Amino acid sequence: MKPGPVNIDRAVRSEPRPGTGPGPSTGRPGETEENAAKRKVSETLARLTGSGKNKGSRMRREKRDQRYQRFEEEQAAKELAGMTLQVTEFVTASELASMMNLPVTDVIKACFSLGVMVSINQRLDAETLAVIAEEYGFKVEFVGADVQQDMQEEDDDPARVEPRPPIVTVMGHVDHGKTSLLDTIRKANVIAGEAGGITQHIGAYSVLLENEKRITFLDTPGHEAFTAMRARGAQVTDIAIIVIAADDNVMPQTREAINHAQAAGVPMVFAFNKMDKEGANADKLREELSQMNILVEEWGGKHQTQEISAKKGTGVDQLLEKVLLEAEILDLKADPGKRAHGVVIESTLEQGRGYVTTLLVDSGTLRKGDVLLAGQYSGRIRNMFNERGQQVNEAPPSTPVSILGLDGAPNAGDTFQVFEDERDARVIATKRQQLQREQGIRTHKHITLDEIGRRLAIGDFKELNIIVKGDVDGSVEALTDSLLKLTTESIKVNVIHRAVGPIAESDVLLASASNAIIIGFQVRPTPGARKLAEAEEIDIRMYSIIYAAIEEIKQAMEGMLAPKEVEKVIGTAEVRETFRISKVGTVAGCYVMDGKIVRNNKVRLIRQGIVVYTGDLSDLKRFKDDAKEVTHGYECGLSIKNFNDIKVGDTLESFEMIEVKRTLEG
């Protein structure tokens, strides 16, 4: 007979458990109390050592240990990340102090102890940055390097490698004749296009010599404000020509140029210029160079020298022969068959064309239609021009070209590389922009109670907010760096925005919101921006020579800005038509848009927001009659002295100089 179901609960309840009934608690039948105690101790030890039968508890304990170990590793990683400073590239002493949450004076003292004299806004090189951070217990991680690793640079093919032209940088002091030397070599007059006869930008020119050999020249500005631009010139060059005026001394800016060339390991050729002038003494320059531990060949050293006169052209051919001799010793070669790689020389924003970027190809061949990554911007090359504005389809090694097609203006000195896939270039560009924004956020520090207390203790602490707009990126950067160095204990200079292009309405609105002044370098405000600035009472300063801007801001900050002549715009006119007349030149048919055009006033020609020429009127006519002035709403014909490159759509400003006392209040 099959047994029925058993009620387990009832069965368990009905049977007495061992040790629970009457009598001694042995735990097992026939087991004494002493043996039961020994058995329980051994079972407990077995469970603790993991050799017992309870495998589940052992596995749970191991999992708990693993979780705890992972937690400790994560905490250690977080702590280490807090001690690691991530920077994209060179940062200033102020930014480094902000990231380490230290007073900037501590960073400056640490730099002084290393023998490096720095200011609050001076950039620190990678080695100094790492040493200072390590002293305070931080590590430096250059996050930009991660992006560089994503870029696979193509190797040279030995079968395709061939000699390339040398890239020569011309450096030296202001007015020692660098651009005059290039003019003689290029048989062109570049100085006429520079404000005050001073080079404001880096120019790149490819020159074909009479012996069919080609040299690429970089003309760098000589004023001390362009230290960063000169440094770039030394980094991308093969040979440096140091121009020194024979009727002058080895100036501080010349010493600076020599130091840049030596730091970059670039061979130097010294050109002693102005030998045709009275008082020229080349031996005095050789003696001053020897005091800098630079021995020339005539005195038993290794550096070549050449006495020249850039204006008369004497000695220039011998100088070029010595440059080519240095190039032969260097044995410069490149592979023109691979994808192009090189350096950004300059970038600007032009109305109707977009971002125009000047590149210098190091290796490979750059072609129209290539996908390009330059700095944090990318794009496909839509058009390509040489230094004379002629269209070209390709650029071999050591060739400077201007291109259209990038989606932004990269910084001068950024490297560029050609990619096969446009998407890959865009991904890296986006990642770089993100890193740049992250560093900006990390270095931006909101005001604290301590900072408020410090400012109240100073009492007369003020901030001067400045917006800088310029025609090219190099000038904007140089002007910004120089303005930031004007910061004093009582006045802090903040450059809240800088960009290339004309002064727009958005700049005026930003200035109004942040109580700033606008500085325009070789650019003008748009008509809408000018009217908005007048309505908002925003101060717009416009300059064509960089150290005039620096000096004026400095004097205003010190309260020493004496009464001085400044320009006042009287009227503007738009060029509607141009006519070519023999013996007169180009005559422009204009419509006066605002104010009046006065015959005896100076005029400024503006093309797409950029100042092209400043000079005097040679003629002003209303129909066939000469006119002293033409007012708003009327048409007129005019011509400009010594200038014929007037185009339809250009704007003419008539201005006069008035004497006022200006301050930078507000």
# chains A, B, ... in the order shown; residues from 1 in each chain; ligands from 1
>>> closest_atom_pairs(of="region 533-607 of chain A", to="region 613-617 of chain A", cutoff="8 Å", atoms="only C-alpha atoms", output="tab-separated table")
residue	atom	partner	partner_atom	distance
A:Arg599	CA	A:Leu617	CA	6.4
A:Asn600	CA	A:Leu617	CA	7.2
A:Asn601	CA	A:Asp616	CA	7.0
A:Lys602	CA	A:Asp616	CA	4.8
A:Val603	CA	A:Gly615	CA	5.6
A:Arg604	CA	A:Thr614	CA	4.4
A:Leu605	CA	A:Tyr613	CA	5.2
A:Ile606	CA	A:Tyr613	CA	7.3
>>> closest_residue(among="A:Asn383, A:Gln262, A:Asn281, A:Ser654", to="Ala246 (chain A)", atoms="only C-alpha atoms")
A:Asn281
>>> residues_around(residues="region 641-651 of chain A", least_positions_apart="4", cutoff="12 Å", atoms="only C-alpha atoms", output="mmCIF file with N, CA and C atoms, in the first residue's frame")
data_model
loop_
_atom_site.group_PDB
_atom_site.id
_atom_site.type_symbol
_atom_site.label_atom_id
_atom_site.label_comp_id
_atom_site.auth_asym_id
_atom_site.auth_seq_id
_atom_site.Cartn_x
_atom_site.Cartn_y
_atom_site.Cartn_z
ATOM 1 N N ALA A 192 56.126 99.372 -48.263
ATOM 2 C CA ALA A 192 55.062 100.334 -48.572
ATOM 3 C C ALA A 192 53.725 99.887 -48.012
ATOM 4 N N GLY A 193 53.540 98.598 -47.827
ATOM 5 C CA GLY A 193 52.268 98.099 -47.307
ATOM 6 C C GLY A 193 52.234 97.953 -45.808
ATOM 7 N N GLN A 351 35.914 88.906 -45.288
ATOM 8 C CA GLN A 351 34.514 88.892 -45.682
ATOM 9 C C GLN A 351 34.385 88.403 -47.124
ATOM 10 N N GLY A 352 33.464 87.483 -47.343
ATOM 11 C CA GLY A 352 33.256 86.952 -48.685
ATOM 12 C C GLY A 352 34.127 85.757 -49.014
ATOM 13 N N ARG A 524 38.435 98.042 -38.572
ATOM 14 C CA ARG A 524 37.487 99.121 -38.284
ATOM 15 C C ARG A 524 36.153 98.508 -37.856
ATOM 16 N N PRO A 525 35.337 99.268 -37.149
ATOM 17 C CA PRO A 525 33.996 98.772 -36.807
ATOM 18 C C PRO A 525 33.063 98.815 -38.007
ATOM 19 N N THR A 526 32.119 97.907 -38.067
ATOM 20 C CA THR A 526 31.089 97.952 -39.103
ATOM 21 C C THR A 526 30.183 99.153 -38.821
ATOM 22 N N PRO A 527 29.454 99.643 -39.837
ATOM 23 C CA PRO A 527 28.571 100.801 -39.593
ATOM 24 C C PRO A 527 27.591 100.577 -38.445
ATOM 25 N N GLY A 571 33.423 111.750 -41.884
ATOM 26 C CA GLY A 571 32.413 111.183 -42.773
ATOM 27 C C GLY A 571 32.896 109.914 -43.433
ATOM 28 N N THR A 572 31.957 109.164 -44.006
ATOM 29 C CA THR A 572 32.290 107.933 -44.722
ATOM 30 C C THR A 572 31.602 107.939 -46.083
ATOM 31 N N ALA A 573 32.258 107.329 -47.046
ATOM 32 C CA ALA A 573 31.704 107.247 -48.398
ATOM 33 C C ALA A 573 31.929 105.848 -48.940
ATOM 34 N N GLU A 574 31.019 105.402 -49.790
ATOM 35 C CA GLU A 574 31.122 104.074 -50.400
ATOM 36 C C GLU A 574 31.494 104.220 -51.867
ATOM 37 N N VAL A 575 32.464 103.405 -52.312
ATOM 38 C CA VAL A 575 32.891 103.431 -53.715
ATOM 39 C C VAL A 575 31.865 102.671 -54.552
ATOM 40 N N ARG A 576 31.220 103.386 -55.494
ATOM 41 C CA ARG A 576 30.196 102.767 -56.346
ATOM 42 C C ARG A 576 30.751 102.375 -57.715
ATOM 43 N N GLU A 577 31.786 103.093 -58.179
ATOM 44 C CA GLU A 577 32.362 102.810 -59.507
ATOM 45 C C GLU A 577 33.793 103.322 -59.533
ATOM 46 N N THR A 578 34.631 102.719 -60.356
ATOM 47 C CA THR A 578 36.014 103.186 -60.507
ATOM 48 C C THR A 578 36.312 103.435 -61.979
ATOM 49 N N PHE A 579 37.170 104.422 -62.238
ATOM 50 C CA PHE A 579 37.559 104.798 -63.605
ATOM 51 C C PHE A 579 39.071 104.933 -63.658
ATOM 52 N N ARG A 580 39.646 104.480 -64.752
ATOM 53 C CA ARG A 580 41.095 104.585 -64.951
ATOM 54 C C ARG A 580 41.356 105.728 -65.923
ATOM 55 N N ILE A 581 42.054 106.760 -65.457
ATOM 56 C CA ILE A 581 42.333 107.933 -66.281
ATOM 57 C C ILE A 581 43.844 108.106 -66.370
ATOM 58 N N SER A 582 44.348 108.274 -67.585
ATOM 59 C CA SER A 582 45.789 108.434 -67.784
ATOM 60 C C SER A 582 46.263 109.719 -67.114
ATOM 61 N N LYS A 583 47.479 109.678 -66.594
ATOM 62 C CA LYS A 583 48.147 110.791 -65.907
ATOM 63 C C LYS A 583 47.491 111.141 -64.565
ATOM 64 N N VAL A 584 46.378 110.521 -64.255
ATOM 65 C CA VAL A 584 45.719 110.777 -62.971
ATOM 66 C C VAL A 584 45.715 109.517 -62.105
ATOM 67 N N GLY A 585 45.452 108.381 -62.748
ATOM 68 C CA GLY A 585 45.367 107.120 -62.023
ATOM 69 C C GLY A 585 43.918 106.693 -61.861
ATOM 70 N N THR A 586 43.619 106.021 -60.766
ATOM 71 C CA THR A 586 42.270 105.519 -60.513
ATOM 72 C C THR A 586 41.426 106.593 -59.833
ATOM 73 N N VAL A 587 40.262 106.859 -60.438
ATOM 74 C CA VAL A 587 39.303 107.804 -59.864
ATOM 75 C C VAL A 587 38.092 107.003 -59.394
ATOM 76 N N ALA A 588 37.644 107.281 -58.162
ATOM 77 C CA ALA A 588 36.527 106.552 -57.589
ATOM 78 C C ALA A 588 35.271 107.414 -57.582
ATOM 79 N N GLY A 589 34.191 106.841 -58.111
ATOM 80 C CA GLY A 589 32.893 107.485 -57.992
ATOM 81 C C GLY A 589 32.231 107.024 -56.703
ATOM 82 N N CYS A 590 31.970 107.973 -55.771
ATOM 83 C CA CYS A 590 31.547 107.610 -54.423
ATOM 84 C C CYS A 590 30.202 108.239 -54.064
ATOM 85 N N TYR A 591 29.551 107.616 -53.103
ATOM 86 C CA TYR A 591 28.330 108.158 -52.515
ATOM 87 C C TYR A 591 28.592 108.365 -51.033
ATOM 88 N N VAL A 592 28.396 109.598 -50.539
ATOM 89 C CA VAL A 592 28.682 109.921 -49.146
ATOM 90 C C VAL A 592 27.564 109.345 -48.270
ATOM 91 N N MET A 593 27.909 108.362 -47.444
ATOM 92 C CA MET A 593 26.933 107.660 -46.611
ATOM 93 C C MET A 593 26.633 108.411 -45.319
ATOM 94 N N ASP A 594 27.665 109.076 -44.782
ATOM 95 C CA ASP A 594 27.498 109.688 -43.465
ATOM 96 C C ASP A 594 28.465 110.856 -43.338
ATOM 97 N N ILE A 597 32.838 114.421 -46.694
ATOM 98 C CA ILE A 597 34.203 114.167 -47.143
ATOM 99 C C ILE A 597 34.850 115.523 -47.396
ATOM 100 N N LYS A 602 42.634 113.860 -44.048
ATOM 101 C CA LYS A 602 43.195 112.565 -44.426
ATOM 102 C C LYS A 602 42.066 111.570 -44.679
ATOM 103 N N VAL A 603 42.346 110.556 -45.498
ATOM 104 C CA VAL A 603 41.350 109.522 -45.771
ATOM 105 C C VAL A 603 41.952 108.148 -45.490
ATOM 106 N N ARG A 604 41.068 107.227 -45.184
ATOM 107 C CA ARG A 604 41.478 105.848 -44.920
ATOM 108 C C ARG A 604 40.617 104.937 -45.781
ATOM 109 N N LEU A 605 41.273 104.048 -46.553
ATOM 110 C CA LEU A 605 40.543 103.106 -47.410
ATOM 111 C C LEU A 605 40.358 101.799 -46.643
ATOM 112 N N ILE A 606 39.101 101.370 -46.528
ATOM 113 C CA ILE A 606 38.767 100.151 -45.777
ATOM 114 C C ILE A 606 38.121 99.153 -46.726
ATOM 115 N N ARG A 607 38.638 97.931 -46.718
ATOM 116 C CA ARG A 607 38.098 96.870 -47.566
ATOM 117 C C ARG A 607 37.712 95.686 -46.691
ATOM 118 N N GLN A 608 36.413 95.410 -46.632
ATOM 119 C CA GLN A 608 35.881 94.291 -45.846
ATOM 120 C C GLN A 608 36.295 94.396 -44.378
ATOM 121 N N GLY A 609 36.253 95.644 -43.856
ATOM 122 C CA GLY A 609 36.541 95.857 -42.453
ATOM 123 C C GLY A 609 38.005 95.972 -42.110
ATOM 124 N N ILE A 610 38.899 95.768 -43.083
ATOM 125 C CA ILE A 610 40.342 95.818 -42.843
ATOM 126 C C ILE A 610 40.913 97.077 -43.483
ATOM 127 N N VAL A 611 41.769 97.799 -42.752
ATOM 128 C CA VAL A 611 42.380 99.014 -43.278
ATOM 129 C C VAL A 611 43.416 98.637 -44.333
ATOM 130 N N VAL A 612 43.252 99.174 -45.538
ATOM 131 C CA VAL A 612 44.161 98.867 -46.643
ATOM 132 C C VAL A 612 45.183 99.979 -46.824
ATOM 133 N N TYR A 613 44.757 101.243 -46.719
ATOM 134 C CA TYR A 613 45.670 102.357 -46.976
ATOM 135 C C TYR A 613 45.186 103.598 -46.231
ATOM 136 N N THR A 614 46.136 104.411 -45.767
ATOM 137 C CA THR A 614 45.835 105.699 -45.152
ATOM 138 C C THR A 614 46.677 106.762 -45.835
ATOM 139 N N GLY A 615 46.042 107.834 -46.277
ATOM 140 C CA GLY A 615 46.784 108.869 -46.988
ATOM 141 C C GLY A 615 45.956 110.130 -47.188
ATOM 142 N N ASP A 616 46.306 110.904 -48.239
ATOM 143 C CA ASP A 616 45.646 112.176 -48.534
ATOM 144 C C ASP A 616 44.901 112.083 -49.853
ATOM 145 N N LEU A 617 43.887 112.927 -49.993
ATOM 146 C CA LEU A 617 43.179 113.053 -51.267
ATOM 147 C C LEU A 617 43.993 113.917 -52.216
ATOM 148 N N SER A 618 44.055 113.503 -53.453
ATOM 149 C CA SER A 618 44.695 114.360 -54.462
ATOM 150 C C SER A 618 43.651 115.195 -55.199
ATOM 151 N N ASP A 619 42.430 114.667 -55.336
ATOM 152 C CA ASP A 619 41.352 115.417 -55.990
ATOM 153 C C ASP A 619 40.024 115.076 -55.339
ATOM 154 N N LEU A 620 39.114 116.072 -55.290
ATOM 155 C CA LEU A 620 37.737 115.859 -54.854
ATOM 156 C C LEU A 620 36.846 116.721 -55.739
#
